[in-house]
Structure formats: C-alpha cells, structure tokens
$ cat work17.cif   # mmCIF, C-alpha atoms
data_input
loop_
_atom_site.label_atom_id
_atom_site.label_comp_id
_atom_site.auth_asym_id
_atom_site.auth_seq_id
_atom_site.Cartn_x
_atom_site.Cartn_y
_atom_site.Cartn_z
CA MET A 1 17.91 23.33 -2.56
CA ASN A 2 16.66 25.80 -5.15
CA LYS A 3 15.63 29.24 -3.90
CA ILE A 4 12.22 28.76 -5.54
CA SER A 5 10.75 25.28 -5.31
CA PRO A 6 7.24 24.17 -6.34
CA CYS A 7 5.05 22.63 -3.64
CA LEU A 8 2.63 20.04 -5.00
CA TRP A 9 -0.56 19.46 -3.00
CA PHE A 10 -1.82 15.90 -2.73
CA ASP A 11 -4.69 14.56 -0.65
CA ALA A 12 -2.91 11.70 1.13
CA ASN A 13 -0.88 10.04 -1.65
CA ALA A 14 2.29 12.15 -1.81
CA GLU A 15 4.44 9.08 -1.16
CA ASP A 16 2.94 7.25 -4.16
CA ALA A 17 3.35 10.31 -6.37
CA VAL A 18 6.97 10.87 -5.37
CA ALA A 19 7.83 7.18 -5.89
CA PHE A 20 6.28 7.42 -9.36
CA TYR A 21 8.20 10.60 -10.30
CA LEU A 22 11.48 9.12 -9.02
CA SER A 23 10.88 6.09 -11.28
CA VAL A 24 10.33 8.34 -14.33
CA PHE A 25 13.35 10.62 -13.96
CA PRO A 26 16.71 8.84 -13.49
CA GLY A 27 19.13 10.19 -10.92
CA SER A 28 16.33 11.70 -8.85
CA ARG A 29 16.18 11.40 -5.07
CA ILE A 30 14.34 12.14 -1.86
CA LEU A 31 15.99 14.90 0.18
CA GLU A 32 13.80 15.03 3.30
CA ILE A 33 10.60 13.60 4.77
CA THR A 34 8.60 15.25 7.54
CA HIS A 35 5.78 13.74 9.58
CA LEU A 36 2.68 15.37 10.97
CA PRO A 37 2.95 16.11 14.70
CA GLU A 38 0.05 15.85 17.16
CA SER A 39 -2.41 18.60 16.33
CA ASP A 40 -5.98 19.46 17.22
CA HIS A 41 -6.60 21.11 13.85
CA PRO A 42 -9.66 19.42 12.27
CA ALA A 43 -7.70 18.48 9.15
CA HIS A 44 -5.02 16.72 11.23
CA VAL A 45 -7.07 14.69 13.69
CA GLY A 46 -6.00 11.05 13.60
CA ARG A 47 -3.09 11.74 11.24
CA ALA A 48 -0.24 12.22 13.75
CA GLY A 49 2.91 10.45 12.54
CA THR A 50 1.82 10.24 8.90
CA VAL A 51 3.96 11.76 6.16
CA LEU A 52 3.33 15.50 5.84
CA THR A 53 5.94 16.54 3.26
CA ILE A 54 8.54 14.96 1.03
CA THR A 55 11.21 17.20 -0.45
CA PHE A 56 12.63 15.58 -3.55
CA GLU A 57 14.75 16.35 -6.59
CA LEU A 58 14.02 15.60 -10.23
CA LEU A 59 16.79 16.36 -12.74
CA GLY A 60 18.30 18.94 -10.36
CA GLN A 61 15.02 20.77 -9.56
CA THR A 62 13.66 20.48 -6.03
CA TYR A 63 9.98 19.99 -5.26
CA THR A 64 7.95 19.44 -2.14
CA ALA A 65 5.01 17.02 -2.09
CA LEU A 66 2.49 17.87 0.61
CA ASN A 67 -0.17 15.52 1.98
CA GLY A 68 -2.51 18.46 2.51
CA GLY A 69 -5.87 16.73 2.41
CA PRO A 70 -8.78 16.98 -0.01
CA TYR A 71 -9.07 20.78 -0.01
CA PHE A 72 -7.17 21.57 -3.22
CA LYS A 73 -6.52 19.68 -6.45
CA LEU A 74 -3.75 19.93 -9.01
CA ASN A 75 -4.91 21.40 -12.33
CA ALA A 76 -3.55 22.27 -15.78
CA ALA A 77 -3.03 25.95 -14.91
CA VAL A 78 0.53 24.93 -13.95
CA SER A 79 2.57 22.41 -15.89
CA PHE A 80 6.19 21.33 -15.91
CA GLN A 81 8.11 21.34 -19.19
CA VAL A 82 10.53 18.52 -19.87
CA MET A 83 12.88 19.67 -22.63
CA CYS A 84 13.97 16.67 -24.70
CA ASP A 85 16.89 16.38 -27.10
CA THR A 86 15.74 13.29 -29.00
CA GLN A 87 12.56 11.55 -30.11
CA GLU A 88 13.60 8.58 -27.99
CA GLU A 89 13.62 10.82 -24.92
CA ILE A 90 10.17 12.23 -25.81
CA ASP A 91 8.82 8.70 -26.33
CA ASN A 92 10.30 7.50 -23.02
CA TYR A 93 8.89 10.30 -20.85
CA TRP A 94 5.56 10.27 -22.69
CA SER A 95 5.16 6.53 -22.19
CA LYS A 96 6.00 6.64 -18.49
CA LEU A 97 4.02 9.77 -17.58
CA THR A 98 0.87 8.71 -19.47
CA ALA A 99 0.68 5.29 -17.78
CA ASP A 100 -2.77 5.06 -16.15
CA ALA A 101 -3.36 8.72 -17.07
CA PRO A 102 -6.46 10.30 -18.63
CA VAL A 103 -6.23 10.19 -22.44
CA GLU A 104 -8.52 13.22 -22.79
CA ALA A 105 -5.83 15.36 -21.08
CA GLN A 106 -3.24 14.67 -23.80
CA GLN A 107 -2.75 17.16 -26.60
CA CYS A 108 0.03 19.11 -28.33
CA GLY A 109 2.76 17.60 -26.14
CA TRP A 110 0.78 18.22 -22.93
CA LEU A 111 -0.36 15.45 -20.63
CA GLN A 112 -1.78 15.02 -17.19
CA ASP A 113 -0.34 12.12 -15.19
CA LYS A 114 -2.32 9.73 -13.00
CA PHE A 115 -1.93 12.08 -10.01
CA GLY A 116 -3.32 15.09 -11.90
CA LEU A 117 0.01 16.89 -12.45
CA SER A 118 0.37 18.43 -15.92
CA TRP A 119 3.52 18.06 -17.99
CA GLN A 120 4.73 19.28 -21.36
CA ILE A 121 7.08 16.87 -23.14
CA VAL A 122 8.74 19.15 -25.66
CA PRO A 123 11.61 18.98 -28.15
CA ARG A 124 14.24 21.43 -26.91
CA GLU A 125 14.48 22.94 -30.41
CA LEU A 126 10.76 23.72 -30.74
CA GLY A 127 11.13 27.32 -29.57
CA SER A 128 13.91 28.04 -32.03
CA LEU A 129 11.91 26.45 -34.87
CA PHE A 130 9.15 28.97 -34.20
CA ALA A 131 11.49 31.89 -33.50
CA GLN A 132 13.42 31.47 -36.74
CA ALA A 133 10.40 30.80 -38.95
CA LYS A 134 8.81 33.31 -41.29
CA PRO A 135 5.12 33.97 -40.50
CA ASP A 136 3.75 31.52 -43.10
CA VAL A 137 6.15 28.80 -41.95
CA ALA A 138 5.32 29.46 -38.29
CA ALA A 139 1.62 29.14 -39.14
CA ARG A 140 2.25 25.81 -40.90
CA LEU A 141 4.33 24.63 -37.96
CA MET A 142 1.55 25.59 -35.53
CA ARG A 143 -1.10 23.81 -37.62
CA THR A 144 1.07 20.68 -37.56
CA LEU A 145 1.70 20.89 -33.84
CA LEU A 146 -2.03 21.29 -33.12
CA THR A 147 -2.78 17.93 -34.79
CA MET A 148 -0.40 16.03 -32.52
CA THR A 149 -0.84 14.36 -29.17
CA LYS A 150 2.75 13.31 -28.45
CA LEU A 151 5.13 15.60 -30.36
CA ASP A 152 7.17 14.19 -33.22
CA ILE A 153 10.43 16.01 -33.91
CA ALA A 154 10.80 14.85 -37.54
CA THR A 155 7.26 15.93 -38.45
CA LEU A 156 7.73 19.32 -36.80
CA LYS A 157 11.05 19.87 -38.60
CA ALA A 158 9.45 18.92 -41.91
CA ALA A 159 6.66 21.45 -41.29
CA ALA A 160 9.26 24.14 -40.52
CA SER A 161 11.30 23.51 -43.67
#
$ encode --input "work17.cif" --output "structure tokens"
Amino acid sequence: MNKISPCLWFDANAEDAVAFYLSVFPGSRILEITHLPESDHPAHVGRAGTVLTITFELLGQTYTALNGGPYFKLNAAVSFQVMCDTQEEIDNYWSKLTADAPVEAQQCGWLQDKFGLSWQIVPRELGSLFAQAKPDVAARLMRTLLTMTKLDIATLKAAAS
C-alpha cells in the first residue's frame, strides 16, 4: 500500500463507486473490505455489519472508499489526473468516466463522474508542450485548450506548432 493514499467519502454507495472505478481501469483490484461494528454513535445506529471501507487499487495507486454518511460531499477542489499516451486512451477513459455524469462539469479535460469525483483526462505530453513553448505559442495553446471539453492531442499539437 502507498504511504499516502486518498480516502474518498461517500454517503452509503462506496461499493457502487468502487465497482465502477474497477470497471474503468483495467488490472485494478479490491485489497480489503471492513464492516461497521456495533456502535451507539448516532451516525452508526442500524448500520452494524454494513461496509465501512473498501481499500482498492487503480493503476498501482491505492485508495480507500468510506461509507461515511451524508455529512461531506466530494467536490472539484481535488481531482485525479489520468495521464494518457494516445487519443484512443483519452477517448476510452472520457467515455467511461462521463457515463451518467453531469455534462456541465466537463471542461478543458476535466470531468466529474456520476459519484461526484473529479478527474482530469490529460495527454501525458501536455505539460511539455507548454513548457517548451515560447510565450505567444503557449498563449495560443492555452486559447485552444480552453475551447475544448475532451482534450484532442492532434489539435493541441497543431496549436503548439
């Protein structure tokens, strides 16, 4: 397990979220499931034996999904970047992660999935395109990027050349 691992707070649907993420990222797996013990805490009453946490791995990164109740919600202040080598890879992840997701939360390679988790589906070379560009080229590249929803590698390369 990674020394630092994100914990994702869900109301009571961590199992659905984890099953979804495992279907999106091949080679992923569940590492551990814990269940809520008997507790007199108001948030736990009637929930003994239900899933509390699921520790899982996506592309080598560990995460924990917590059925923590309705107290906190995921938001776009934290997102996970998926660095893609090809347009096919971008298209694949974009298609899967945007299924049943809010369209209004999709811009510039960012999306929010149906569980409220934010992702960035990014060409791996995007950073180097910006880093190597002269200021006028970087500005053109940024203007191009800002018009996109799902990122298109060929269009971004054309803007950088």
$ atom_distance --input "work17.cif" --atom1 "CA of Ala17 (chain A)" --atom2 "CA of Lys3 (chain A)"
22.7 Å
$ resolve_selection --input "work17.cif" --expression "the PyMOL selection byres ((chain A and resi 146) around 12)" --output "list in words"
Gln106, Gln107, Cys108, Gly109, Trp110, Ala139, Arg140, Leu141, Met142, Arg143, Thr144, Leu145, Thr147, Met148, Thr149, Lys150, Leu151, Asp152, Thr155, Leu156 and Ala159 of chain A
$ write_last_selection --input "work17.cif" --atoms "C-alpha atoms" --output "compact mmCIF listing (two decimals), in the coordinates of the input"
# COMPACT_ATOMS: atom_id res chain seq x y z
CA GLN A 106 -3.24 14.67 -23.80
CA GLN A 107 -2.75 17.16 -26.60
CA CYS A 108 0.03 19.11 -28.33
CA GLY A 109 2.76 17.60 -26.14
CA TRP A 110 0.78 18.22 -22.93
CA ALA A 139 1.62 29.14 -39.14
CA ARG A 140 2.25 25.81 -40.90
CA LEU A 141 4.33 24.63 -37.96
CA MET A 142 1.55 25.59 -35.53
CA ARG A 143 -1.10 23.81 -37.62
CA THR A 144 1.07 20.68 -37.56
CA LEU A 145 1.70 20.89 -33.84
CA THR A 147 -2.78 17.93 -34.79
CA MET A 148 -0.40 16.03 -32.52
CA THR A 149 -0.84 14.36 -29.17
CA LYS A 150 2.75 13.31 -28.45
CA LEU A 151 5.13 15.60 -30.36
CA ASP A 152 7.17 14.19 -33.22
CA THR A 155 7.26 15.93 -38.45
CA LEU A 156 7.73 19.32 -36.80
CA ALA A 159 6.66 21.45 -41.29
$ residues_around --input "work17.cif" --residues "Thr98 (chain A)" --least-positions-apart "4" --cutoff "9 Å" --atoms "only C-alpha atoms" --output "list in words"
Tyr93, Trp94, Pro102, Val103, Gln106, Leu111, Gln112, Asp113 and Lys114 of chain A
$ residues_around --input "work17.cif" --residues "Leu129 (chain A)" --least-positions-apart "2" --cutoff "9 Å" --atoms "only C-alpha atoms" --output "list of chain:residue names"
A:Glu125, A:Leu126, A:Gly127, A:Ala131, A:Gln132, A:Ala133, A:Ala138, A:Leu141, A:Leu156, A:Lys157, A:Ala160
$ resolve_selection --input "work17.cif" --expression "the PyMOL selection byres ((chain A and resi 35) around 9)" --output "list in words"
Ile33, Thr34, Leu36, Pro37, Ala48, Gly49, Thr50, Val51, Leu52 and Thr53 of chain A
$ atom_distance --input "work17.cif" --atom1 "CA of Gly27 (chain A)" --atom2 "CA of Glu88 (chain A)"
18.0 Å
$ closest_residue --input "work17.cif" --among "A:Asn67, A:Leu31, A:Phe72, A:Ser39" --to "Glu15 (chain A)" --atoms "only C-alpha atoms"
A:Asn67
$ closest_residue --input "work17.cif" --among "A:Ser28, A:Ala76, A:Gly69, A:Gly60" --to "Pro42 (chain A)" --atoms "all atoms listed in the file"
A:Gly69
$ resolve_selection --input "work17.cif" --expression "the PyMOL selection byres ((chain A and resi 18) around 10)" --output "mmCIF file with C-alpha atoms, keeping the file's coordinate frame"
data_model
loop_
_atom_site.group_PDB
_atom_site.id
_atom_site.type_symbol
_atom_site.label_atom_id
_atom_site.label_comp_id
_atom_site.auth_asym_id
_atom_site.auth_seq_id
_atom_site.Cartn_x
_atom_site.Cartn_y
_atom_site.Cartn_z
ATOM 1 C CA ASN A 13 -0.880 10.040 -1.650
ATOM 2 C CA ALA A 14 2.290 12.150 -1.810
ATOM 3 C CA GLU A 15 4.440 9.080 -1.160
ATOM 4 C CA ASP A 16 2.940 7.250 -4.160
ATOM 5 C CA ALA A 17 3.350 10.310 -6.370
ATOM 6 C CA ALA A 19 7.830 7.180 -5.890
ATOM 7 C CA PHE A 20 6.280 7.420 -9.360
ATOM 8 C CA TYR A 21 8.200 10.600 -10.300
ATOM 9 C CA LEU A 22 11.480 9.120 -9.020
ATOM 10 C CA SER A 23 10.880 6.090 -11.280
ATOM 11 C CA VAL A 24 10.330 8.340 -14.330
ATOM 12 C CA ARG A 29 16.180 11.400 -5.070
ATOM 13 C CA ILE A 30 14.340 12.140 -1.860
ATOM 14 C CA ILE A 54 8.540 14.960 1.030
ATOM 15 C CA THR A 55 11.210 17.200 -0.450
ATOM 16 C CA PHE A 56 12.630 15.580 -3.550
ATOM 17 C CA GLU A 57 14.750 16.350 -6.590
ATOM 18 C CA LEU A 58 14.020 15.600 -10.230
ATOM 19 C CA TYR A 63 9.980 19.990 -5.260
ATOM 20 C CA THR A 64 7.950 19.440 -2.140
ATOM 21 C CA ALA A 65 5.010 17.020 -2.090
#
$ atom_distance --input "work17.cif" --atom1 "CA of Gln81 (chain A)" --atom2 "CA of Ala105 (chain A)"
15.3 Å
$ closest_residue --input "work17.cif" --among "A:Ala12, A:Leu97, A:Cys7, A:Ile153" --to "Phe25 (chain A)" --atoms "all atoms listed in the file"
A:Leu97
$ residues_near_point --input "work17.cif" --point "(18.3, 21.3, -5.1)" --cutoff "6 Å" --atoms "only C-alpha atoms" --output "list in words"
Met1, Asn2, Gly60, Gln61 and Thr62 of chain A
$ residues_around --input "work17.cif" --residues "Cys84 (chain A)" --least-positions-apart "5" --cutoff "7 Å" --atoms "all atoms listed in the file" --output "ChimeraX atom specification"
/A:89-90,122-124
$ decode --input "work17.cif" --residues "region 91-122 of chain A" --atoms "N, CA and C atoms" --output "PDB file, in the first residue's frame"
ATOM      1  N   ASP A  91     -10.021   8.992 -25.216  1.00  0.00           N
ATOM      2  CA  ASP A  91     -11.404   8.729 -25.600  1.00  0.00           C
ATOM      3  C   ASP A  91     -12.022   7.634 -24.729  1.00  0.00           C
ATOM      4  N   ASN A  92     -11.271   6.589 -24.455  1.00  0.00           N
ATOM      5  CA  ASN A  92     -11.756   5.471 -23.649  1.00  0.00           C
ATOM      6  C   ASN A  92     -12.102   5.914 -22.223  1.00  0.00           C
ATOM      7  N   TYR A  93     -11.153   6.558 -21.548  1.00  0.00           N
ATOM      8  CA  TYR A  93     -11.416   6.988 -20.167  1.00  0.00           C
ATOM      9  C   TYR A  93     -12.518   8.036 -20.115  1.00  0.00           C
ATOM     10  N   TRP A  94     -12.503   8.960 -21.074  1.00  0.00           N
ATOM     11  CA  TRP A  94     -13.520  10.016 -21.102  1.00  0.00           C
ATOM     12  C   TRP A  94     -14.911   9.398 -21.235  1.00  0.00           C
ATOM     13  N   SER A  95     -15.044   8.481 -22.163  1.00  0.00           N
ATOM     14  CA  SER A  95     -16.331   7.835 -22.412  1.00  0.00           C
ATOM     15  C   SER A  95     -16.830   7.103 -21.166  1.00  0.00           C
ATOM     16  N   LYS A  96     -15.969   6.354 -20.539  1.00  0.00           N
ATOM     17  CA  LYS A  96     -16.381   5.572 -19.364  1.00  0.00           C
ATOM     18  C   LYS A  96     -16.680   6.460 -18.164  1.00  0.00           C
ATOM     19  N   LEU A  97     -15.827   7.434 -17.889  1.00  0.00           N
ATOM     20  CA  LEU A  97     -15.997   8.259 -16.690  1.00  0.00           C
ATOM     21  C   LEU A  97     -17.134   9.270 -16.811  1.00  0.00           C
ATOM     22  N   THR A  98     -17.521   9.630 -18.045  1.00  0.00           N
ATOM     23  CA  THR A  98     -18.620  10.585 -18.202  1.00  0.00           C
ATOM     24  C   THR A  98     -19.982   9.907 -18.319  1.00  0.00           C
ATOM     25  N   ALA A  99     -20.019   8.587 -18.309  1.00  0.00           N
ATOM     26  CA  ALA A  99     -21.310   7.886 -18.383  1.00  0.00           C
ATOM     27  C   ALA A  99     -22.172   8.290 -17.189  1.00  0.00           C
ATOM     28  N   ASP A 100     -23.373   8.768 -17.467  1.00  0.00           N
ATOM     29  CA  ASP A 100     -24.326   9.209 -16.435  1.00  0.00           C
ATOM     30  C   ASP A 100     -23.781  10.335 -15.559  1.00  0.00           C
ATOM     31  N   ALA A 101     -22.849  11.102 -16.090  1.00  0.00           N
ATOM     32  CA  ALA A 101     -22.200  12.186 -15.331  1.00  0.00           C
ATOM     33  C   ALA A 101     -22.752  13.534 -15.782  1.00  0.00           C
ATOM     34  N   PRO A 102     -22.634  14.553 -14.923  1.00  0.00           N
ATOM     35  CA  PRO A 102     -23.144  15.880 -15.296  1.00  0.00           C
ATOM     36  C   PRO A 102     -22.312  16.530 -16.412  1.00  0.00           C
ATOM     37  N   VAL A 103     -22.962  16.883 -17.496  1.00  0.00           N
ATOM     38  CA  VAL A 103     -22.291  17.499 -18.648  1.00  0.00           C
ATOM     39  C   VAL A 103     -21.714  18.866 -18.266  1.00  0.00           C
ATOM     40  N   GLU A 104     -22.397  19.599 -17.399  1.00  0.00           N
ATOM     41  CA  GLU A 104     -21.941  20.939 -17.028  1.00  0.00           C
ATOM     42  C   GLU A 104     -20.614  20.914 -16.253  1.00  0.00           C
ATOM     43  N   ALA A 105     -20.186  19.741 -15.795  1.00  0.00           N
ATOM     44  CA  ALA A 105     -18.922  19.628 -15.060  1.00  0.00           C
ATOM     45  C   ALA A 105     -17.799  19.111 -15.952  1.00  0.00           C
ATOM     46  N   GLN A 106     -17.921  19.318 -17.269  1.00  0.00           N
ATOM     47  CA  GLN A 106     -16.919  18.852 -18.221  1.00  0.00           C
ATOM     48  C   GLN A 106     -16.346  20.034 -18.985  1.00  0.00           C
ATOM     49  N   GLN A 107     -15.043  20.261 -18.785  1.00  0.00           N
ATOM     50  CA  GLN A 107     -14.387  21.354 -19.496  1.00  0.00           C
ATOM     51  C   GLN A 107     -12.880  21.176 -19.421  1.00  0.00           C
ATOM     52  N   CYS A 108     -12.208  21.482 -20.515  1.00  0.00           N
ATOM     53  CA  CYS A 108     -10.736  21.523 -20.568  1.00  0.00           C
ATOM     54  C   CYS A 108     -10.097  20.232 -20.072  1.00  0.00           C
ATOM     55  N   GLY A 109     -10.706  19.093 -20.389  1.00  0.00           N
ATOM     56  CA  GLY A 109     -10.146  17.813 -19.961  1.00  0.00           C
ATOM     57  C   GLY A 109     -10.567  17.391 -18.564  1.00  0.00           C
ATOM     58  N   TRP A 110     -11.335  18.241 -17.878  1.00  0.00           N
ATOM     59  CA  TRP A 110     -11.836  17.915 -16.534  1.00  0.00           C
ATOM     60  C   TRP A 110     -13.238  17.359 -16.650  1.00  0.00           C
ATOM     61  N   LEU A 111     -13.575  16.446 -15.768  1.00  0.00           N
ATOM     62  CA  LEU A 111     -14.924  15.920 -15.694  1.00  0.00           C
ATOM     63  C   LEU A 111     -15.224  15.533 -14.255  1.00  0.00           C
ATOM     64  N   GLN A 112     -16.483  15.438 -13.978  1.00  0.00           N
ATOM     65  CA  GLN A 112     -16.937  14.932 -12.691  1.00  0.00           C
ATOM     66  C   GLN A 112     -17.755  13.686 -13.003  1.00  0.00           C
ATOM     67  N   ASP A 113     -17.432  12.555 -12.368  1.00  0.00           N
ATOM     68  CA  ASP A 113     -18.155  11.322 -12.661  1.00  0.00           C
ATOM     69  C   ASP A 113     -19.501  11.291 -11.926  1.00  0.00           C
ATOM     70  N   LYS A 114     -20.253  10.237 -12.134  1.00  0.00           N
ATOM     71  CA  LYS A 114     -21.595  10.142 -11.571  1.00  0.00           C
ATOM     72  C   LYS A 114     -21.620  10.074 -10.048  1.00  0.00           C
ATOM     73  N   PHE A 115     -20.470   9.857  -9.419  1.00  0.00           N
ATOM     74  CA  PHE A 115     -20.392   9.838  -7.958  1.00  0.00           C
ATOM     75  C   PHE A 115     -19.903  11.172  -7.392  1.00  0.00           C
ATOM     76  N   GLY A 116     -19.543  12.101  -8.283  1.00  0.00           N
ATOM     77  CA  GLY A 116     -19.085  13.419  -7.846  1.00  0.00           C
ATOM     78  C   GLY A 116     -17.579  13.563  -7.761  1.00  0.00           C
ATOM     79  N   LEU A 117     -16.824  12.519  -8.119  1.00  0.00           N
ATOM     80  CA  LEU A 117     -15.362  12.587  -8.086  1.00  0.00           C
ATOM     81  C   LEU A 117     -14.869  13.256  -9.367  1.00  0.00           C
ATOM     82  N   SER A 118     -13.933  14.186  -9.231  1.00  0.00           N
ATOM     83  CA  SER A 118     -13.404  14.932 -10.373  1.00  0.00           C
ATOM     84  C   SER A 118     -12.128  14.288 -10.904  1.00  0.00           C
ATOM     85  N   TRP A 119     -12.040  14.259 -12.214  1.00  0.00           N
ATOM     86  CA  TRP A 119     -10.909  13.664 -12.926  1.00  0.00           C
ATOM     87  C   TRP A 119     -10.419  14.639 -13.981  1.00  0.00           C
ATOM     88  N   GLN A 120      -9.139  14.523 -14.311  1.00  0.00           N
ATOM     89  CA  GLN A 120      -8.556  15.221 -15.449  1.00  0.00           C
ATOM     90  C   GLN A 120      -8.005  14.148 -16.385  1.00  0.00           C
ATOM     91  N   ILE A 121      -8.502  14.104 -17.589  1.00  0.00           N
ATOM     92  CA  ILE A 121      -8.039  13.134 -18.588  1.00  0.00           C
ATOM     93  C   ILE A 121      -7.135  13.916 -19.537  1.00  0.00           C
ATOM     94  N   VAL A 122      -5.837  13.707 -19.400  1.00  0.00           N
ATOM     95  CA  VAL A 122      -4.838  14.613 -19.957  1.00  0.00           C
ATOM     96  C   VAL A 122      -3.815  13.870 -20.820  1.00  0.00           C
TER      97      VAL A 122
END
